[in-house]
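This is coords.cif (mmCIF, C-alpha atoms).
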```
data_upload
#
loop_
_atom_site.label_atom_id
_atom_site.label_comp_id
_atom_site.auth_asym_id
_atom_site.auth_seq_id
_atom_site.Cartn_x
_atom_site.Cartn_y
_atom_site.Cartn_z
CA LYS F 487 -4.52 1.98 -33.99
CA LEU F 488 -5.85 5.52 -34.36
CA GLN F 489 -2.47 6.94 -33.41
CA SER F 490 -0.79 4.72 -36.01
CA GLU F 491 -3.26 5.75 -38.72
CA PHE F 492 -2.76 9.39 -37.82
CA PHE F 493 1.02 9.12 -38.15
CA THR F 494 0.80 7.17 -41.40
CA ASP F 495 -1.45 9.87 -42.84
CA LEU F 496 0.98 12.50 -41.62
CA VAL F 497 3.91 11.06 -43.60
CA THR F 498 1.97 9.98 -46.72
CA ASN F 499 -0.76 12.55 -47.33
CA ALA F 500 0.47 15.39 -49.53
CA GLU F 501 -1.73 17.83 -47.61
CA HIS F 502 0.68 17.56 -44.69
CA ALA F 503 3.88 17.99 -46.71
CA ASP F 504 4.42 21.53 -45.47
CA LEU F 505 4.57 20.26 -41.87
CA TRP F 506 7.88 18.56 -42.55
CA THR F 507 11.32 20.17 -42.90
CA VAL F 508 12.33 17.21 -45.10
CA ASP F 509 10.60 15.43 -47.97
CA GLN F 510 7.81 13.10 -46.78
CA ALA F 511 9.50 10.16 -48.50
CA LYS F 512 12.64 10.91 -46.50
CA ALA F 513 10.54 11.14 -43.35
CA ARG F 514 9.07 7.70 -44.07
CA GLU F 515 12.56 6.35 -44.57
CA LEU F 516 13.82 7.82 -41.30
CA ILE F 517 10.81 6.77 -39.25
CA PRO F 518 8.92 3.92 -41.00
CA PRO F 519 5.18 4.00 -40.12
CA GLU F 520 5.17 0.27 -39.30
CA GLN F 521 7.85 0.79 -36.65
CA ILE F 522 5.95 3.70 -35.20
CA ALA F 523 2.81 1.55 -35.08
CA LYS F 524 4.72 -1.18 -33.26
CA ARG F 525 6.19 1.26 -30.76
CA MET F 526 2.82 2.88 -30.15
CA THR F 527 1.20 -0.51 -29.57
CA GLU F 528 3.95 -1.52 -27.16
CA ALA F 529 3.66 1.78 -25.31
CA THR F 530 -0.12 1.49 -25.08
CA THR F 531 0.12 -2.08 -23.77
CA ARG F 532 2.81 -1.10 -21.28
CA ASN F 533 0.75 1.83 -20.02
CA ALA F 534 -2.33 -0.37 -19.68
CA LEU F 535 -0.42 -2.97 -17.66
CA THR F 536 1.07 -0.27 -15.47
CA SER F 537 -2.39 1.18 -14.87
CA VAL F 538 -3.63 -2.24 -13.75
CA ARG F 539 -0.62 -2.65 -11.45
CA ALA F 540 -1.23 0.80 -9.97
CA ALA F 541 -4.90 0.02 -9.35
CA ASN F 542 -4.02 -3.32 -7.72
CA LEU F 543 -1.38 -1.64 -5.58
CA VAL F 544 -3.64 1.15 -4.33
CA PHE F 545 -6.63 -1.12 -3.72
CA GLY F 546 -4.58 -3.88 -2.05
CA HIS F 547 -2.72 -1.39 0.11
CA THR F 548 -5.96 0.31 1.18
CA MET F 549 -7.55 -2.98 2.19
CA THR F 550 -4.45 -4.14 4.06
CA ASP F 551 -4.01 -0.80 5.78
CA ALA F 552 -7.61 -0.87 7.05
CA LEU F 553 -7.20 -4.44 8.31
CA VAL F 554 -3.92 -3.67 10.05
CA PHE F 555 -5.35 -0.57 11.71
CA ASP F 556 -8.22 -2.68 13.07
CA CYS F 557 -5.53 -4.94 14.51
CA CYS F 558 -3.88 -1.90 16.10
CA ARG F 559 -7.14 -0.99 17.79
CA ALA F 560 -7.63 -4.54 19.03
CA ALA F 561 -4.05 -4.73 20.33
CA THR F 562 -4.62 -1.48 22.20
CA TRP F 563 -8.00 -1.99 23.82
CA VAL F 564 -7.44 -5.61 24.81
CA ALA F 565 -4.93 -4.34 27.39
CA PRO F 566 -4.87 -0.52 27.42
CA ASN F 567 -2.75 -0.24 30.55
CA ASP F 568 0.05 -2.08 28.73
CA CYS F 569 0.13 0.72 26.14
CA LEU F 570 1.12 3.52 28.50
CA THR F 571 4.64 3.67 27.09
CA PHE F 572 3.18 4.94 23.81
CA VAL F 573 1.44 7.92 25.44
CA GLU F 574 3.33 8.53 28.69
CA LYS F 575 5.01 11.70 27.40
CA ARG F 576 1.79 13.34 26.20
CA LYS F 577 0.82 16.59 27.87
CA VAL F 578 -2.34 16.69 30.00
CA ASP F 579 -3.88 19.94 31.23
CA LEU F 580 -4.12 20.40 34.98
CA GLN F 581 -7.92 20.74 34.96
CA SER F 582 -8.26 17.28 33.42
CA VAL F 583 -5.88 15.80 35.98
CA VAL F 584 -7.95 17.22 38.82
CA GLY F 585 -11.40 16.55 37.37
CA GLU F 586 -11.09 13.18 35.63
CA PRO F 587 -10.12 9.67 36.80
CA ALA F 588 -6.81 8.30 35.60
CA ASP F 589 -8.47 5.59 33.48
CA ALA F 590 -10.37 8.23 31.51
CA LEU F 591 -7.19 10.22 30.87
CA VAL F 592 -5.39 7.11 29.66
CA ARG F 593 -8.26 6.20 27.36
CA ARG F 594 -8.40 9.68 25.86
CA ALA F 595 -4.64 9.68 25.29
CA LEU F 596 -4.83 6.28 23.58
CA GLU F 597 -7.77 7.40 21.44
CA ASP F 598 -5.74 10.43 20.31
CA TYR F 599 -2.76 8.18 19.65
CA LEU F 600 -4.84 5.81 17.51
CA ARG F 601 -6.39 8.68 15.56
CA GLN F 602 -2.91 9.83 14.65
CA LEU F 603 -1.70 6.30 13.93
CA GLU F 604 -4.58 5.79 11.49
CA LYS F 605 -3.10 8.61 9.36
CA GLU F 606 0.40 7.15 9.40
CA SER F 607 1.92 4.69 6.96
CA LEU F 608 1.14 0.98 6.84
CA LEU F 609 4.72 0.36 7.95
CA GLU F 610 4.26 2.42 11.12
CA LYS F 611 1.11 0.49 11.96
CA ALA F 612 3.00 -2.77 11.51
CA ASP F 613 5.81 -1.45 13.71
CA TYR F 614 3.27 -0.65 16.41
CA LEU F 615 1.88 -4.19 16.29
CA TYR F 616 5.34 -5.70 16.53
CA ALA F 617 6.07 -3.46 19.51
CA ARG F 618 2.84 -4.56 21.19
CA CYS F 619 3.01 -8.27 20.37
CA LYS F 620 6.75 -9.00 20.43
CA PRO F 621 6.40 -12.34 18.61
CA GLY F 622 9.05 -14.96 19.12
CA ALA F 623 11.73 -15.68 16.56
CA GLY F 624 10.41 -17.53 13.54
CA PHE F 625 6.75 -16.65 14.11
CA ALA F 626 4.93 -16.61 10.76
CA GLY F 627 1.23 -17.09 11.43
CA VAL F 628 0.60 -17.68 7.74
CA ASN F 629 1.93 -20.60 5.72
CA ASP F 630 4.66 -19.88 3.15
CA TYR F 631 5.23 -16.41 4.52
CA LYS F 632 8.04 -14.50 6.21
CA TYR F 633 7.67 -10.94 7.41
CA ASP F 634 10.07 -8.63 5.59
CA ARG F 635 9.99 -5.07 6.89
CA ASP F 636 12.14 -3.71 4.05
CA ARG F 637 9.81 -5.18 1.45
CA LEU F 638 6.76 -3.73 3.18
CA GLU F 639 8.48 -0.35 3.32
CA ARG F 640 9.17 -0.51 -0.43
CA ILE F 641 5.53 -1.33 -1.20
CA ASP F 642 4.40 1.41 1.18
CA GLU F 643 6.59 3.93 -0.65
CA GLN F 644 5.38 2.70 -4.04
CA ARG F 645 1.79 3.34 -3.03
CA HIS F 646 2.66 6.79 -1.69
CA ASP F 647 4.51 7.73 -4.88
CA THR F 648 1.68 6.38 -7.05
CA VAL F 649 -0.96 8.45 -5.25
CA HIS F 650 0.98 11.57 -4.29
CA ARG F 651 4.06 11.96 -6.50
CA THR F 652 4.89 10.31 -9.83
CA GLY F 653 1.57 8.63 -10.61
CA ILE F 654 1.17 5.16 -12.10
CA LYS F 655 4.79 5.03 -13.23
CA ALA F 656 5.76 4.30 -9.62
CA ALA F 657 3.83 1.02 -9.83
CA GLU F 658 5.72 -0.36 -12.84
CA SER F 659 7.77 -2.75 -10.69
CA TYR F 660 4.82 -3.87 -8.53
CA THR F 661 4.39 -7.61 -9.15
CA ASP F 662 1.82 -10.32 -8.51
CA GLU F 663 4.20 -11.63 -5.84
CA ASP F 664 4.14 -8.23 -4.13
CA GLU F 665 0.35 -8.26 -4.21
CA GLU F 666 0.29 -11.71 -2.60
CA TYR F 667 2.88 -10.61 -0.04
CA LEU F 668 0.78 -7.57 0.89
CA ARG F 669 -2.33 -9.73 1.33
CA LYS F 670 -0.50 -12.25 3.50
CA THR F 671 1.09 -9.49 5.56
CA GLY F 672 -2.35 -8.34 6.66
CA HIS F 673 -3.31 -11.85 7.74
CA HIS F 674 0.08 -12.44 9.35
CA LEU F 675 -0.39 -9.39 11.57
CA MET F 676 -3.97 -10.36 12.35
CA VAL F 677 -2.90 -13.84 13.46
CA MET F 678 -0.04 -12.35 15.48
CA VAL F 679 -2.49 -10.19 17.46
CA ALA F 680 -4.91 -13.10 17.93
CA VAL F 681 -2.14 -15.41 19.19
CA THR F 682 -0.51 -12.81 21.46
CA PHE F 683 -3.72 -11.84 23.23
CA LYS F 684 -5.48 -15.22 22.90
CA LEU F 685 -8.46 -13.63 21.15
CA LYS F 686 -11.66 -15.60 20.56
CA ASP F 687 -14.34 -15.05 17.95
CA ARG F 688 -18.02 -14.63 18.80
CA ASP F 689 -18.51 -18.39 18.92
CA GLY F 690 -15.68 -18.78 21.40
CA ALA F 691 -13.36 -20.38 18.85
CA ASP F 692 -9.66 -19.59 18.61
CA SER F 693 -9.43 -16.59 16.23
CA ALA F 694 -5.82 -17.35 15.30
CA THR F 695 -6.79 -20.77 13.92
CA ARG F 696 -9.63 -19.33 11.86
CA PHE F 697 -7.46 -16.53 10.44
CA ARG F 698 -4.57 -18.72 9.27
CA LEU F 699 -4.21 -19.06 5.51
CA ASP F 700 -2.56 -21.67 3.35
#
```
This entry written out as structure tokens:
Amino acid sequence: KLQSEFFTDLVTNAEHADLWTVDQAKARELIPPEQIAKRMTEATTRNALTSVRAANLVFGHTMTDALVFDCCRAATWVAPNDCLTFVEKRKVDLQSVVGEPADALVRRALEDYLRQLEKESLLEKADYLYARCKPGAGFAGVNDYKYDRDRLERIDEQRHDTVHRTGIKAAESYTDEDEEYLRKTGHHLMVMVAVTFKLKDRDGADSATRFRLD
């Protein structure tokens, strides 16, 4: 509203006549104030909606990323010796080889690997879980959900661009369906880990059953 009033004053108030290279009446004819007001309102609304989408994207991605990384840790420490393929090419100094037991070296290598993985994209964390769990064809874990790596990659890139590159404009195409997909992806991966490694909660109940969502 203030922007509209400012523009209307600009093309009607005689005090601003010298700001124009044409007559103010001609300016009003070329760019009617009511159209400018409409465009400004539409732009303000569009920017507000985009800001909300950007906030939802960043918050939802952060929550999902934290959940998925917890799943990565669980999938690692439940059977650390099965994770050797992820660290087998890492260099180890000779002093450590001589002075430390093999289990300690493996644990340190996996801890370093996880520290690095925590900094990587959500997509790379999901790839790690799929490499660890190797779910069978058709596994969903969550009702009305199908894992789509390309879609997750797109959302991952949208979040990166929103935070590090083009700002909120990158979130313009982020939808409510994407938000729901991101939420269910986190739970899908959590159920996948629970099913693969037959995890139990503190009460001894099947974690996978508790984690499933409608």
Discussion item. At a cut-off of 8 Å, using all atoms listed in the file, what residues contact F:Leu675? Leave out same-chain residues fewer than 2 positions from it and give the result as a list in words.
Written reply: Val554, Cys557, Ala612, Leu615, Gly627, Thr671, Gly672, His673, Val677, Met678 and Val679 of chain F
Worksheet item: So what do you get for atom CA of F:Ala540 versus atom CA of F:Gln644, distance-wise?
Response: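 For atom CA of F:Ala540 relative to atom CA of F:Gln644, the distance reads 9.1 Å.
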Worksheet item: Could you spell out the hits of the PyMOL selection byres ((chain F and resi 604-611) around 7) on the shown file, as a PyMOL selection string?
Response: chain F and resi 551+554-555+558+600-603+612-615+638-639+642
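The smallest atom-to-atom distance between F:Thr494 and any of F:Ser537, F:Gln521, F:Thr652, F:Thr531, using all atoms listed in the file, is found for F:Gln521.
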Practice prompt. Specify as a VMD selection string each residue included when the PyMOL selection byres ((chain F and resi 544) around 12) is applied to this file.
Written response: chain F and resid 537 to 543 545 to 551 641 to 650 653 to 654 656 to 657 660 665 668
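Closest approach to F:Lys655 among F:Glu491, F:Thr536, F:Lys632, F:Ala529 is made by F:Thr536 (distances from all atoms listed in the file).
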Item to complete: Rounded to one decimal place, report the atom CA of F:Arg635-atom CA of F:Tyr667 distance in Å.
Response: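 Atom CA of F:Tyr667 lies at a distance of 11.4 Å from atom CA of F:Arg635.
Counting from atom CA of F:Ala623, the distance to atom CA of F:Tyr599 is 28.1 Å.
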Fill in: Result set, the PyMOL selection byres ((chain F and resi 571) around 12) on current file, as a list in words
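Checking the PyMOL selection byres ((chain F and resi 571) around 12) against this file, the residues are Thr562, Pro566, Asn567, Asp568, Cys569, Leu570, Phe572, Val573, Glu574, Lys575, Arg576, Val592, Ala595, Leu596, Tyr599, Tyr614, Ala617 and Arg618 of chain F.
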Give me a file of those residues, with C-alpha atoms, as a compact mmCIF listing (two decimals), in the frame of the given file.
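File selection-v1.txt, as written:
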```txt
# COMPACT_ATOMS: atom_id res chain seq x y z
CA THR F 562 -4.62 -1.48 22.20
CA PRO F 566 -4.87 -0.52 27.42
CA ASN F 567 -2.75 -0.24 30.55
CA ASP F 568 0.05 -2.08 28.73
CA CYS F 569 0.13 0.72 26.14
CA LEU F 570 1.12 3.52 28.50
CA PHE F 572 3.18 4.94 23.81
CA VAL F 573 1.44 7.92 25.44
CA GLU F 574 3.33 8.53 28.69
CA LYS F 575 5.01 11.70 27.40
CA ARG F 576 1.79 13.34 26.20
CA VAL F 592 -5.39 7.11 29.66
CA ALA F 595 -4.64 9.68 25.29
CA LEU F 596 -4.83 6.28 23.58
CA TYR F 599 -2.76 8.18 19.65
CA TYR F 614 3.27 -0.65 16.41
CA ALA F 617 6.07 -3.46 19.51
CA ARG F 618 2.84 -4.56 21.19
```
As lines of an AutoDock Vina configuration file, please report the centre and edge lengths, rounded to one decimal in Å, of the axis-aligned box that holds all listed atoms of stretch 655-668 of chain F with 3 Å of padding on each of the six sides.
```
center_x = 4.0
center_y = -3.3
center_z = -6.2
size_x = 13.5
size_y = 22.7
size_z = 20.1
```
Practice prompt. Give the answer as one residue: which of F:His674, F:Asp509, F:Val681, F:Leu535 has the shortest atom-to-atom distance to F:Asn629, using all atoms listed in the file?
Written response: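 Going through F:His674, F:Asp509, F:Val681, F:Leu535 one by one, the smallest distance to F:Asn629 is for F:His674.
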